[in-house]
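Undergrad: Shown below is the structure under consideration.
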Amino acid sequence: MASALTDVERKNFRTKIEKGSEPPVKVNAKLITVARLYTAQNGAWEYSAKMGALCLLKREVARTSVVTLALFDLQRMTKLFSQEIYENFNYQVLRPTFHAFEGDSFMCGFSFANERDAAEVAAVVSKLGSGAGGPVARPASGSVA
């Protein structure tokens with residue numbers, strides 16, 4: 001199954017996000033894919049009406065890497081959601097194309113358009129959350145814009 005975004009779309013997206021970010025961030029171009037954000041409250045998943053490009057952002061703060069999962073609107077390039085990945089971050093693959101994790105106030109889930117992209121995101125996020133990906137800061141928050 002092909003990726004939900006072409007290599008050219010990923011490159012253009014990466015360039016726009018990196019140039020428009022203050023403080024500067026690096027975008028992992030391999031982990032840019034299309035996803036929908038779901039939230040769970042009272043045991044039921046609900047679509048948040050937020051869909052866009054999910055990517056991994058990395059910025060350096062006081063010699064520590066802060067890595068964030070961020071969902072951006074594909075047209076306006078505005079951030080719709082972000083969640084810092086911290087040590088012992090529990091990222092769960094509930095189905096091949098649906099992954100979940102605990103946010104500050106509720107459970108969050110991503111529904112992916114593509115199984116391969118979903119598997120790549122799960123592998124990298126799980127490695128970072130386990131502490132195997134290098135220094136990762138403790139969480140600030142998962143925020144929905």
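Residue numbering restarts at 1 in every chain; chains get A, B, ... in the order shown in the structure tokens, and ligands count up from 1 in that same order.
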Please identify which residues in chain A DSSP calls strand (DSSP E) from the backbone, and express them as a PyMOL selection string.
TA: chain A and resi 26-27+33-41+44-61+64-72+79-85+92-95+98-102+107-112+142-144
Undergrad: Could you name the residues that touch region 70-82 of chain A at 12 Å or less, counting only C-alpha atoms, but leaving out those on the same chain fewer than 2 positions away, as a PyMOL selection string?
TA: chain A and resi 5+9-10+12-21+25+27-28+31-39+48-58+67-68+84-85+103-104+108-112+121+139-145
Undergrad: What does the distance between CA of Gly43 (chain A) and CA of Ala119 (chain A) come to in Å, to one decimal place?
TA: 24.7 Å
Undergrad: Have a look at A:Thr6, A:Gln83, A:Asn114, A:Gln41 and name the one nearest to Thr97 (chain A); count only C-alpha atoms.
TA: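 Closest to Thr97 (chain A), using only C-alpha atoms: A:Asn114.
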Undergrad: One decimal, in Å: what's the spacing between CA of Tyr91 (chain A) and CA of Val61 (chain A)?
TA: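 So the answer is 23.4 Å.
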Undergrad: Of the residues A:Phe106, A:Ser130, A:Ala122, A:Ala113, which is the one nearest to Val93 (chain A), using only C-alpha atoms?
TA: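 The shortest atom-to-atom distance to Val93 (chain A) comes from A:Ala122.
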Undergrad: Would you list, as a list in words, the residues of chain A that end up in alpha helix (DSSP H) under DSSP run on this structure's backbone?
TA: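 Selection result, alpha helix (DSSP H) within chain A: Asp7, Val8, Glu9, Arg10, Lys11, Asn12, Phe13, Arg14, Thr15, Lys16, Ile17, Glu18, Lys19, Glu115, Arg116, Asp117, Ala118, Ala119, Glu120, Val121, Ala122, Ala123, Val124, Val125, Ser126, Lys127, Leu128 and Gly129 of chain A.
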Undergrad: So, counting only C-alpha atoms, which residue among A:Trp45, A:Arg116, A:Glu60, A:Val66 is closest to Glu87 (chain A)?
TA: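 Using only C-alpha atoms, Glu87 (chain A) sits closest to A:Val66.
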Undergrad: To one decimal in Å, tell me the separation between CA of Asn90 (chain A) and CA of Ala4 (chain A).
TA: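 Atom-to-atom, CA of Asn90 (chain A) to CA of Ala4 (chain A), that is 25.2 Å.
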